[in-house]
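Reproduced below: query08.cif, with mmCIF, C-alpha atoms and all ligand atoms.
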```
data_coords
#
loop_
_atom_site.label_atom_id
_atom_site.label_comp_id
_atom_site.auth_asym_id
_atom_site.auth_seq_id
_atom_site.Cartn_x
_atom_site.Cartn_y
_atom_site.Cartn_z
CA MET P 202 13.38 -35.23 -16.86
CA ARG P 203 12.18 -31.70 -17.38
CA ASP P 204 8.61 -32.77 -16.57
CA GLN P 205 9.63 -34.36 -13.28
CA ALA P 206 11.55 -31.28 -12.13
CA PHE P 207 8.72 -29.10 -13.31
CA ASN P 208 6.20 -31.12 -11.29
CA LEU P 209 8.36 -31.09 -8.18
CA ARG P 210 8.65 -27.35 -8.38
CA ALA P 211 4.92 -27.06 -8.89
CA ILE P 212 4.31 -29.13 -5.74
CA ALA P 213 6.83 -27.09 -3.76
CA SER P 214 5.18 -23.91 -4.95
CA LYS P 215 1.73 -25.20 -3.96
CA ASN P 216 2.97 -26.24 -0.52
CA ILE P 217 4.51 -22.87 0.16
CA LEU P 218 1.27 -21.20 -0.85
CA LYS P 219 -0.67 -23.57 1.43
CA ASN P 220 1.61 -22.69 4.36
CA VAL P 221 1.14 -19.02 3.65
CA LYS P 222 -2.61 -19.53 3.74
CA ALA P 223 -2.37 -21.44 7.00
CA GLY P 224 -0.40 -18.67 8.69
CA ARG P 225 -1.55 -15.48 10.29
CA SER P 226 -3.65 -13.17 8.24
CA PRO P 227 -2.74 -9.52 8.05
CA ARG P 228 -5.00 -7.06 6.26
CA VAL P 229 -3.33 -6.21 2.96
CA ILE P 230 -4.13 -2.64 1.96
CA ALA P 231 -2.95 -0.98 -1.25
CA VAL P 232 -2.63 2.80 -1.13
CA THR P 233 -2.91 4.39 -4.52
CA SER P 234 -4.07 7.49 -6.40
CA GLY P 235 -5.00 8.68 -9.86
CA LYS P 236 -2.74 11.73 -9.84
CA GLY P 237 0.84 11.59 -8.52
CA GLY P 238 2.24 13.56 -5.61
CA VAL P 239 -1.00 13.67 -3.63
CA GLY P 240 0.48 12.26 -0.40
CA LYS P 241 0.31 8.45 -0.64
CA THR P 242 3.76 7.75 0.77
CA SER P 243 3.35 10.31 3.50
CA LEU P 244 0.04 8.67 4.44
CA VAL P 245 1.44 5.12 4.40
CA VAL P 246 4.43 5.99 6.57
CA ASN P 247 2.56 8.07 9.15
CA LEU P 248 -0.50 5.81 9.21
CA SER P 249 1.77 2.83 9.83
CA ILE P 250 3.32 4.58 12.79
CA ALA P 251 -0.08 5.70 14.11
CA LEU P 252 -1.23 2.06 13.99
CA THR P 253 1.85 0.81 15.84
CA LYS P 254 0.89 3.26 18.61
CA MET P 255 -2.45 1.42 18.69
CA SER P 256 -0.62 -1.88 19.30
CA GLN P 257 -0.82 -3.01 15.68
CA ARG P 258 2.10 -4.70 13.94
CA VAL P 259 2.67 -3.08 10.60
CA ALA P 260 4.75 -3.75 7.49
CA ILE P 261 5.16 -1.68 4.34
CA PHE P 262 5.85 -2.99 0.88
CA ASP P 263 7.19 -0.16 -1.23
CA ALA P 264 5.82 -1.04 -4.66
CA ASP P 265 6.68 2.26 -6.30
CA LEU P 266 8.90 1.64 -9.28
CA GLY P 267 10.52 5.04 -9.01
CA MET P 268 12.48 6.35 -6.08
CA ALA P 269 12.55 4.45 -2.81
CA ASN P 270 10.20 7.02 -1.29
CA VAL P 271 9.21 5.24 1.90
CA GLU P 272 12.84 4.79 2.83
CA ILE P 273 13.62 8.43 2.10
CA LEU P 274 10.75 9.66 4.29
CA LEU P 275 12.03 7.48 7.11
CA GLY P 276 15.66 8.46 6.58
CA LEU P 277 16.70 4.85 5.99
CA ASN P 278 19.02 3.17 3.50
CA PRO P 279 17.68 -0.08 2.06
CA SER P 280 20.33 -2.72 1.51
CA GLY P 281 18.48 -4.43 -1.33
CA SER P 282 15.11 -4.90 -2.93
CA LEU P 283 12.67 -7.50 -4.17
CA TYR P 284 14.85 -7.69 -7.31
CA ASP P 285 17.66 -9.31 -5.28
CA ILE P 286 15.20 -11.87 -3.95
CA LEU P 287 13.70 -12.76 -7.31
CA TYR P 288 17.16 -13.50 -8.70
CA GLY P 289 18.36 -15.33 -5.60
CA ASN P 290 21.04 -12.75 -4.69
CA LYS P 291 19.66 -12.08 -1.23
CA THR P 292 17.22 -13.48 1.30
CA ILE P 293 14.24 -11.60 2.70
CA ASN P 294 16.08 -11.16 6.00
CA GLU P 295 18.88 -9.38 4.20
CA ILE P 296 16.66 -6.84 2.49
CA ILE P 297 13.99 -6.19 5.11
CA PHE P 298 14.73 -3.23 7.32
CA GLU P 299 13.16 -1.81 10.40
CA GLY P 300 11.89 1.74 10.65
CA GLN P 301 10.65 3.78 13.58
CA CYS P 302 8.33 2.03 16.08
CA GLY P 303 9.23 -1.39 14.67
CA ILE P 304 7.57 -1.02 11.26
CA ARG P 305 9.16 -3.38 8.75
CA ILE P 306 9.81 -2.28 5.20
CA VAL P 307 10.55 -4.15 2.00
CA SER P 308 11.54 -2.20 -1.07
CA GLY P 309 10.15 -3.48 -4.37
CA GLY P 310 12.70 -1.54 -6.45
CA SER P 311 13.24 -2.80 -9.98
CA GLY P 312 11.83 -6.17 -8.88
CA ILE P 313 8.35 -4.79 -9.59
CA GLN P 314 9.05 -4.70 -13.34
CA GLU P 315 10.09 -8.34 -13.27
CA LEU P 316 6.80 -9.67 -11.91
CA ALA P 317 5.17 -10.08 -15.30
CA ASN P 318 7.99 -12.32 -16.57
CA LEU P 319 8.73 -14.53 -13.57
CA ASP P 320 9.57 -18.17 -14.16
CA ARG P 321 8.51 -20.79 -11.64
CA GLN P 322 11.60 -20.36 -9.50
CA GLY P 323 11.10 -16.60 -9.40
CA ARG P 324 7.48 -17.13 -8.35
CA GLU P 325 8.53 -19.48 -5.54
CA ARG P 326 11.03 -16.90 -4.32
CA LEU P 327 8.34 -14.23 -4.44
CA ILE P 328 5.93 -16.41 -2.46
CA GLU P 329 8.57 -17.11 0.14
CA ALA P 330 9.55 -13.45 0.42
CA LEU P 331 6.07 -11.99 0.63
CA SER P 332 4.87 -14.68 3.01
CA TYR P 333 7.40 -13.29 5.48
CA PHE P 334 4.83 -10.56 6.07
CA ASN P 335 2.33 -13.13 7.29
CA ASP P 336 4.26 -13.59 10.49
CA CYS P 337 3.35 -11.34 13.33
CA THR P 338 1.79 -8.66 11.14
CA ASP P 339 -1.64 -7.09 11.45
CA PHE P 340 -1.43 -4.68 8.52
CA VAL P 341 0.57 -4.74 5.30
CA PHE P 342 0.43 -1.47 3.40
CA ILE P 343 1.43 -1.44 -0.24
CA ASP P 344 2.60 1.98 -1.34
CA THR P 345 2.06 2.08 -5.09
CA GLY P 346 3.03 4.58 -7.74
CA ALA P 347 0.31 6.81 -9.16
CA GLY P 348 -1.83 6.20 -12.21
CA ILE P 349 -3.33 3.44 -14.24
CA SER P 350 -0.29 1.43 -15.31
CA ARG P 351 -0.34 -2.35 -15.35
CA ASN P 352 2.11 -2.65 -12.46
CA VAL P 353 0.13 -0.34 -10.21
CA LEU P 354 -3.19 -1.98 -11.09
CA GLY P 355 -1.83 -5.49 -10.46
CA PHE P 356 -0.94 -4.61 -6.88
CA VAL P 357 -4.10 -2.68 -6.25
CA ALA P 358 -6.38 -5.38 -7.65
CA ALA P 359 -4.57 -8.12 -5.70
CA ALA P 360 -4.84 -6.32 -2.36
CA GLU P 361 -7.96 -7.11 -0.35
CA GLU P 362 -8.52 -3.45 0.52
CA VAL P 363 -7.75 -0.27 -1.38
CA ILE P 364 -7.30 3.30 -0.23
CA VAL P 365 -7.38 5.99 -2.91
CA VAL P 366 -5.71 9.23 -1.82
CA VAL P 367 -7.18 12.36 -3.33
CA THR P 368 -6.70 16.11 -2.87
CA PRO P 369 -9.39 18.76 -3.48
CA GLU P 370 -7.77 19.78 -6.81
CA PRO P 371 -10.15 19.08 -9.73
CA THR P 372 -7.45 17.12 -11.60
CA SER P 373 -6.86 14.91 -8.56
CA ILE P 374 -10.62 14.27 -8.24
CA THR P 375 -11.08 13.32 -11.90
CA ASP P 376 -7.96 11.13 -11.85
CA ALA P 377 -9.14 9.42 -8.65
CA TYR P 378 -12.47 8.75 -10.33
CA SER P 379 -10.69 7.25 -13.38
CA MET P 380 -8.68 4.99 -11.09
CA ILE P 381 -11.83 3.82 -9.26
CA LYS P 382 -13.55 3.27 -12.61
CA VAL P 383 -10.75 0.99 -13.86
CA LEU P 384 -10.73 -0.83 -10.52
CA SER P 385 -14.46 -1.43 -10.77
CA THR P 386 -13.91 -3.32 -14.05
CA TYR P 387 -11.77 -5.88 -12.16
CA LYS P 388 -14.82 -6.65 -10.01
CA VAL P 389 -12.62 -7.72 -7.08
CA HIS P 390 -13.49 -5.04 -4.52
CA PRO P 391 -17.02 -4.29 -3.37
CA GLY P 392 -15.77 -0.89 -2.23
CA VAL P 393 -12.75 1.38 -1.97
CA GLY P 394 -11.69 3.71 0.82
CA ILE P 395 -10.97 7.38 0.20
CA VAL P 396 -8.62 9.56 2.20
CA VAL P 397 -8.78 13.25 1.35
CA ASN P 398 -5.40 14.89 1.77
CA ARG P 399 -4.38 18.55 1.78
CA ALA P 400 -7.86 20.03 2.18
CA SER P 401 -7.87 23.49 3.79
CA ASN P 402 -10.45 22.36 6.32
CA GLU P 403 -12.83 19.53 7.18
CA GLU P 404 -15.62 21.09 5.12
CA GLU P 405 -13.53 21.07 1.94
CA ALA P 406 -12.49 17.48 2.68
CA LEU P 407 -16.12 16.37 3.05
CA LEU P 408 -17.05 18.19 -0.16
CA THR P 409 -14.22 16.47 -2.06
CA ALA P 410 -15.22 13.04 -0.79
CA SER P 411 -18.90 13.67 -1.55
CA LYS P 412 -18.08 14.69 -5.16
CA ILE P 413 -16.33 11.38 -5.74
CA ALA P 414 -19.03 9.40 -3.93
CA ALA P 415 -21.79 11.04 -6.00
CA VAL P 416 -20.26 10.40 -9.41
CA THR P 417 -19.19 6.88 -8.41
CA LYS P 418 -22.67 6.02 -7.14
CA ARG P 419 -24.20 7.30 -10.37
CA PHE P 420 -21.95 5.55 -12.87
CA LEU P 421 -20.09 2.67 -11.20
CA GLN P 422 -20.90 -0.49 -9.32
CA ILE P 423 -18.45 0.13 -6.51
CA LYS P 424 -18.95 1.76 -3.13
CA VAL P 425 -16.80 4.60 -1.90
CA ASN P 426 -16.13 4.91 1.79
CA HIS P 427 -14.64 8.17 3.08
CA ILE P 428 -12.25 6.87 5.74
CA GLY P 429 -10.98 10.28 6.83
CA SER P 430 -8.97 13.34 5.95
CA VAL P 431 -5.58 14.90 6.57
CA CYS P 432 -5.67 18.68 6.18
CA GLU P 433 -2.97 20.83 4.60
CA ASP P 434 -0.34 21.34 7.26
CA ARG P 435 3.19 22.68 6.96
CA VAL P 436 4.50 20.08 9.42
CA VAL P 437 4.12 17.49 6.64
CA GLY P 438 6.59 19.21 4.30
CA GLN P 439 8.94 19.95 7.18
CA ALA P 440 8.91 16.30 8.26
CA VAL P 441 9.75 15.22 4.70
CA LYS P 442 12.77 17.52 4.75
CA ASP P 443 13.81 16.25 8.19
CA GLN P 444 13.23 12.63 7.13
CA CYS P 445 11.25 12.04 10.29
CA PRO P 446 7.52 11.18 10.20
CA PHE P 447 5.36 14.14 11.27
CA ILE P 448 3.23 11.95 13.52
CA LEU P 449 6.30 11.40 15.69
CA ARG P 450 7.74 14.88 15.45
CA LYS P 451 4.45 16.79 15.87
CA PRO P 452 1.86 14.44 17.35
CA ASP P 453 -0.45 17.35 18.22
CA ALA P 454 -0.41 18.96 14.76
CA VAL P 455 -3.63 19.20 12.72
CA ALA P 456 -2.29 16.67 10.18
CA SER P 457 -1.45 14.23 12.98
CA SER P 458 -4.92 14.34 14.51
CA GLY P 459 -6.47 13.75 11.06
CA LEU P 460 -4.17 10.83 10.56
CA GLN P 461 -4.94 9.33 13.95
CA ALA P 462 -8.63 9.50 13.06
CA VAL P 463 -7.89 7.64 9.81
CA ALA P 464 -6.04 4.97 11.82
CA ARG P 465 -8.94 4.62 14.28
CA ALA P 466 -11.44 4.39 11.41
CA LEU P 467 -9.38 1.68 9.73
CA LEU P 468 -9.25 -0.31 12.96
CA GLY P 469 -12.96 0.16 13.42
CA VAL P 470 -13.99 -0.89 9.89
CA GLN P 471 -13.47 -4.57 10.61
CA SER P 472 -11.90 -6.09 13.63
CA GLN P 473 -11.54 -9.54 12.13
CA ALA P 474 -8.21 -10.68 10.67
CA GLY P 475 -7.50 -10.03 7.02
CA LYS P 476 -7.12 -12.54 4.22
CA GLY P 477 -3.34 -12.50 4.47
CA MET P 478 -0.51 -12.72 1.99
CA GLY P 479 -1.59 -16.07 0.51
CA ASN P 480 -4.71 -14.45 -0.87
CA PHE P 481 -2.71 -11.48 -2.16
CA ILE P 482 -0.08 -13.63 -3.86
CA SER P 483 -2.53 -15.96 -5.59
CA LYS P 484 -4.50 -12.98 -6.92
CA LEU P 485 -1.28 -11.34 -8.09
CA PHE P 486 -0.28 -14.49 -9.99
CA ARG P 487 -3.70 -14.72 -11.62
CA LEU P 488 -3.42 -11.10 -12.76
CA TYR P 489 0.09 -11.56 -14.11
CA ARG P 490 -0.67 -14.86 -15.81
N1 LIG Z 1 -1.31 17.10 4.33
C1 LIG Z 1 -0.27 17.70 3.73
N2 LIG Z 1 0.04 19.00 4.00
C2 LIG Z 1 1.08 19.61 3.40
N3 LIG Z 1 1.89 19.02 2.52
C3 LIG Z 1 1.64 17.73 2.19
C4 LIG Z 1 0.56 17.00 2.77
N4 LIG Z 1 0.58 15.73 2.27
C5 LIG Z 1 1.61 15.68 1.41
N5 LIG Z 1 2.27 16.88 1.35
C6 LIG Z 1 3.42 17.21 0.52
O1 LIG Z 1 3.28 16.57 -0.74
C7 LIG Z 1 4.52 15.98 -1.13
C8 LIG Z 1 4.22 14.69 -1.87
O2 LIG Z 1 3.81 13.72 -0.92
P1 LIG Z 1 4.07 12.17 -1.16
O3 LIG Z 1 5.46 11.94 -1.61
O4 LIG Z 1 3.60 11.46 0.05
O5 LIG Z 1 3.08 11.93 -2.39
P2 LIG Z 1 2.89 10.62 -3.27
O6 LIG Z 1 1.47 10.54 -3.63
O7 LIG Z 1 3.48 9.46 -2.57
O8 LIG Z 1 3.79 10.97 -4.56
P3 LIG Z 1 4.18 9.95 -5.76
O9 LIG Z 1 2.97 9.82 -6.63
O10 LIG Z 1 5.32 10.68 -6.44
O11 LIG Z 1 4.60 8.66 -5.13
C9 LIG Z 1 5.33 15.78 0.14
O12 LIG Z 1 6.67 16.08 -0.07
C10 LIG Z 1 4.72 16.74 1.14
O13 LIG Z 1 5.56 17.86 1.29
MG MG Z 2 4.95 8.03 -3.20
#
```
Spell out the structure here as structure tokens.
Amino acid sequence: MRDQAFNLRAIASKNILKNVKAGRSPRVIAVTSGKGGVGKTSLVVNLSIALTKMSQRVAIFDADLGMANVEILLGLNPSGSLYDILYGNKTINEIIFEGQCGIRIVSGGSGIQELANLDRQGRERLIEALSYFNDCTDFVFIDTGAGISRNVLGFVAAAEEVIVVVTPEPTSITDAYSMIKVLSTYKVHPGVGIVVNRASNEEEALLTASKIAAVTKRFLQIKVNHIGSVCEDRVVGQAVKDQCPFILRKPDAVASSGLQAVARALLGVQSQAGKGMGNFISKLFRLYR
């Protein structure tokens, strides 16, 4: 009896995954860093909005175990998280919420911790929930916590593209390098993108990126691509306090123009569709096996 039910669930799970694969294919991009507090969430939120202004449909998966940072930056109150989905308390439609310019956000919350121990039913619920992002989405950004923990690495390794945020501080540079080094051992990404945040000027940003590129080229088998930079700008801190993205509040600020350049570069890197959520989910399951 158990075997029959088990097989049926296995088939259902496979079918869902097949449907996910057959659907649209957003680019799934994990945004991470070695050191914490370098500006990942700020980048994800404002970059998402910049991309919506370029006619892209964007979703954010907040995979930070700690505070619901994305929601705080947007001044929103999530009504549930991935945890509620995994345990069947809520549906994806009940926990997804819409931010400015139509960006859709799902909060991982304490559901992130559960991923390593999911039973088959939990996995099916996860597939169903995350495949929601396949519909009508061009970009899915995954805002991770900082550092080399298993949960962070699982999401980063499963995403088809990775952006490492780094500031010019020496500790941020060495921690970014450590993160890229660990990622290179997974051998799943031919390259990673770098966004330099909080540099005093473009020159310092280029220097920071070139330091990482040099040491990576010398010691690791992974390419580093400097996507762009967002300079130090007081509008960023002010926008955090006002819970309104700076790209909306101050579109002409220095930080906003840096961010728009990052968005244009991302769009220019590859115009073809991404691999979608099916690819992300199957990789995630392999990593958590
Ligand atoms: N370009 C910038 N100019 C000025 N301040 C900035 C800039 N980018 C980020 N900050 C400041 O840094 C703080 C931390 O940013 P953010 O929360 O986005 O970092 P994080 O990497 O997501 O942090 P965590 O690792 O805790 O998730 C923000 O409150 C903001 O005030
Ligand atoms: Mg954050």
(message) Around ligand LIG 1 (chain Z), out to 6 Å and counting all atoms listed in the file, which residues are there? I want them as an MDAnalysis selection string.
(response) chainID P and resid 237:243 346:347 398:399 431:435 437:438 441 456
Take every atom of region 443-450 of chain P listed in the file, fit an axis-aligned box around them, add 3 Å per side, and give the centre and edge lengths in Å to one decimal as JSON.
```
{"center_x": 8.5, "center_y": 13.7, "center_z": 11.4, "size_x": 16.6, "size_y": 11.1, "size_z": 14.6}
```
(message) One decimal, in Å: what's the spacing between CA of Ile296 (chain P) and CA of Val463 (chain P)?
(response)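 Taking CA of Ile296 (chain P) as the start and CA of Val463 (chain P) as the end point, the length is 29.4 Å.
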(message) Can you tell me which residues surround Ala260 (chain P) at a distance of at most 6 Å, considering only C-alpha atoms, apart from same-chain residues fewer than 3 positions away, and format the answer as a list of chain:residue names?
(response) P:Ile304, P:Arg305, P:Ile306, P:Val341
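With all atoms listed in the file as the basis for measurement, P:Asp344 is the residue among P:Asp339, P:Glu403, P:Asp344, P:Glu299 that approaches ligand MG 2 (chain Z) most closely.
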(request) For region 419-422 of chain P, work out the shell of residues within 12 Å, counting all atoms listed in the file and skipping chain neighbours fewer than 4 positions away, then give it as a list of chain:residue names. (result)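 Close residues of region 419-422 of chain P: P:Tyr378, P:Ser379, P:Met380, P:Ile381, P:Lys382, P:Val383, P:Leu384, P:Ser385, P:Thr386, P:Tyr387, P:Lys388, P:Val389, P:His390, P:Pro391, P:Gly392, P:Val393, P:Lys412, P:Ile413, P:Ala414, P:Ala415.
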(message) With distances taken over only C-alpha atoms and all ligand atoms, which residue among P:Val416, P:Val366, P:Leu277, P:Ile250 lies nearest ligand MG 2 (chain Z)?
(response)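 Of the candidates, the smallest distance to ligand MG 2 (chain Z) is held by P:Val366.
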(request) Could you tell me how far CA of Leu327 (chain P) lies from CA of Gly312 (chain P), in Å and to one decimal? (result)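 Answer for the CA of Leu327 (chain P) to CA of Gly312 (chain P) separation: 9.8 Å.
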(request) Have a look at P:Ser226, P:Phe340, P:Val425, P:Asn270 and name the one nearest to ligand MG 2 (chain Z); count only C-alpha atoms and all ligand atoms. (result)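 Counting only C-alpha atoms and all ligand atoms, the residue closest to ligand MG 2 (chain Z) is P:Asn270.
Nearest residue to Ala359 (chain P), choosing from P:Val455, P:Ile374, P:Ile343, P:Ile273 and counting only C-alpha atoms: P:Ile343.
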Would you fill out region 364-394 of chain P with N, CA and C atoms and return it as a tab-separated table (two decimals), in the frame of the given file?
```tsv
chain	number	residue	atom	x	y	z
P	364	ILE	N	-7.07	1.91	-0.62
P	364	ILE	CA	-7.30	3.30	-0.23
P	364	ILE	C	-6.84	4.18	-1.39
P	365	VAL	N	-7.74	5.03	-1.87
P	365	VAL	CA	-7.38	5.99	-2.91
P	365	VAL	C	-7.18	7.34	-2.23
P	366	VAL	N	-5.99	7.91	-2.40
P	366	VAL	CA	-5.71	9.23	-1.82
P	366	VAL	C	-6.05	10.29	-2.86
P	367	VAL	N	-6.75	11.32	-2.41
P	367	VAL	CA	-7.18	12.36	-3.33
P	367	VAL	C	-7.05	13.72	-2.65
P	368	THR	N	-6.72	14.74	-3.42
P	368	THR	CA	-6.70	16.11	-2.87
P	368	THR	C	-7.90	16.86	-3.48
P	369	PRO	N	-8.23	18.04	-2.94
P	369	PRO	CA	-9.39	18.76	-3.48
P	369	PRO	C	-9.20	19.32	-4.90
P	370	GLU	N	-7.99	19.27	-5.44
P	370	GLU	CA	-7.77	19.78	-6.81
P	370	GLU	C	-8.65	19.03	-7.81
P	371	PRO	N	-9.28	19.75	-8.75
P	371	PRO	CA	-10.15	19.08	-9.73
P	371	PRO	C	-9.44	17.95	-10.49
P	372	THR	N	-8.16	18.17	-10.85
P	372	THR	CA	-7.45	17.12	-11.60
P	372	THR	C	-7.25	15.86	-10.74
P	373	SER	N	-7.03	16.07	-9.45
P	373	SER	CA	-6.86	14.91	-8.56
P	373	SER	C	-8.19	14.16	-8.43
P	374	ILE	N	-9.29	14.92	-8.38
P	374	ILE	CA	-10.62	14.27	-8.24
P	374	ILE	C	-10.95	13.47	-9.50
P	375	THR	N	-10.73	14.06	-10.67
P	375	THR	CA	-11.08	13.32	-11.90
P	375	THR	C	-10.16	12.11	-12.08
P	376	ASP	N	-8.88	12.26	-11.72
P	376	ASP	CA	-7.96	11.13	-11.85
P	376	ASP	C	-8.29	10.02	-10.84
P	377	ALA	N	-8.73	10.43	-9.65
P	377	ALA	CA	-9.14	9.42	-8.65
P	377	ALA	C	-10.36	8.66	-9.18
P	378	TYR	N	-11.28	9.40	-9.77
P	378	TYR	CA	-12.47	8.75	-10.33
P	378	TYR	C	-12.06	7.75	-11.43
P	379	SER	N	-11.13	8.16	-12.31
P	379	SER	CA	-10.69	7.25	-13.38
P	379	SER	C	-10.08	5.99	-12.80
P	380	MET	N	-9.31	6.16	-11.74
P	380	MET	CA	-8.68	4.99	-11.09
P	380	MET	C	-9.77	4.06	-10.53
P	381	ILE	N	-10.76	4.64	-9.85
P	381	ILE	CA	-11.83	3.82	-9.26
P	381	ILE	C	-12.62	3.13	-10.37
P	382	LYS	N	-12.80	3.84	-11.48
P	382	LYS	CA	-13.55	3.27	-12.61
P	382	LYS	C	-12.81	2.03	-13.17
P	383	VAL	N	-11.51	2.14	-13.36
P	383	VAL	CA	-10.75	0.99	-13.86
P	383	VAL	C	-10.82	-0.16	-12.86
P	384	LEU	N	-10.67	0.21	-11.56
P	384	LEU	CA	-10.73	-0.83	-10.52
P	384	LEU	C	-12.06	-1.56	-10.53
P	385	SER	N	-13.12	-0.81	-10.80
P	385	SER	CA	-14.46	-1.43	-10.77
P	385	SER	C	-14.60	-2.49	-11.87
P	386	THR	N	-13.82	-2.33	-12.96
P	386	THR	CA	-13.91	-3.32	-14.05
P	386	THR	C	-13.27	-4.65	-13.63
P	387	TYR	N	-12.37	-4.62	-12.65
P	387	TYR	CA	-11.77	-5.88	-12.16
P	387	TYR	C	-12.77	-6.69	-11.35
P	388	LYS	N	-13.77	-6.01	-10.82
P	388	LYS	CA	-14.82	-6.65	-10.01
P	388	LYS	C	-14.25	-7.48	-8.84
P	389	VAL	N	-13.18	-6.97	-8.21
P	389	VAL	CA	-12.62	-7.72	-7.08
P	389	VAL	C	-12.87	-7.04	-5.73
P	390	HIS	N	-13.23	-5.75	-5.77
P	390	HIS	CA	-13.49	-5.04	-4.52
P	390	HIS	C	-14.92	-4.53	-4.50
P	391	PRO	N	-15.67	-4.86	-3.46
P	391	PRO	CA	-17.02	-4.29	-3.37
P	391	PRO	C	-16.97	-2.78	-3.12
P	392	GLY	N	-15.89	-2.32	-2.51
P	392	GLY	CA	-15.77	-0.89	-2.23
P	392	GLY	C	-14.32	-0.46	-2.12
P	393	VAL	N	-14.09	0.85	-2.21
P	393	VAL	CA	-12.75	1.38	-1.97
P	393	VAL	C	-12.83	2.48	-0.92
P	394	GLY	N	-11.75	2.63	-0.16
P	394	GLY	CA	-11.69	3.71	0.82
P	394	GLY	C	-11.09	4.96	0.18
```
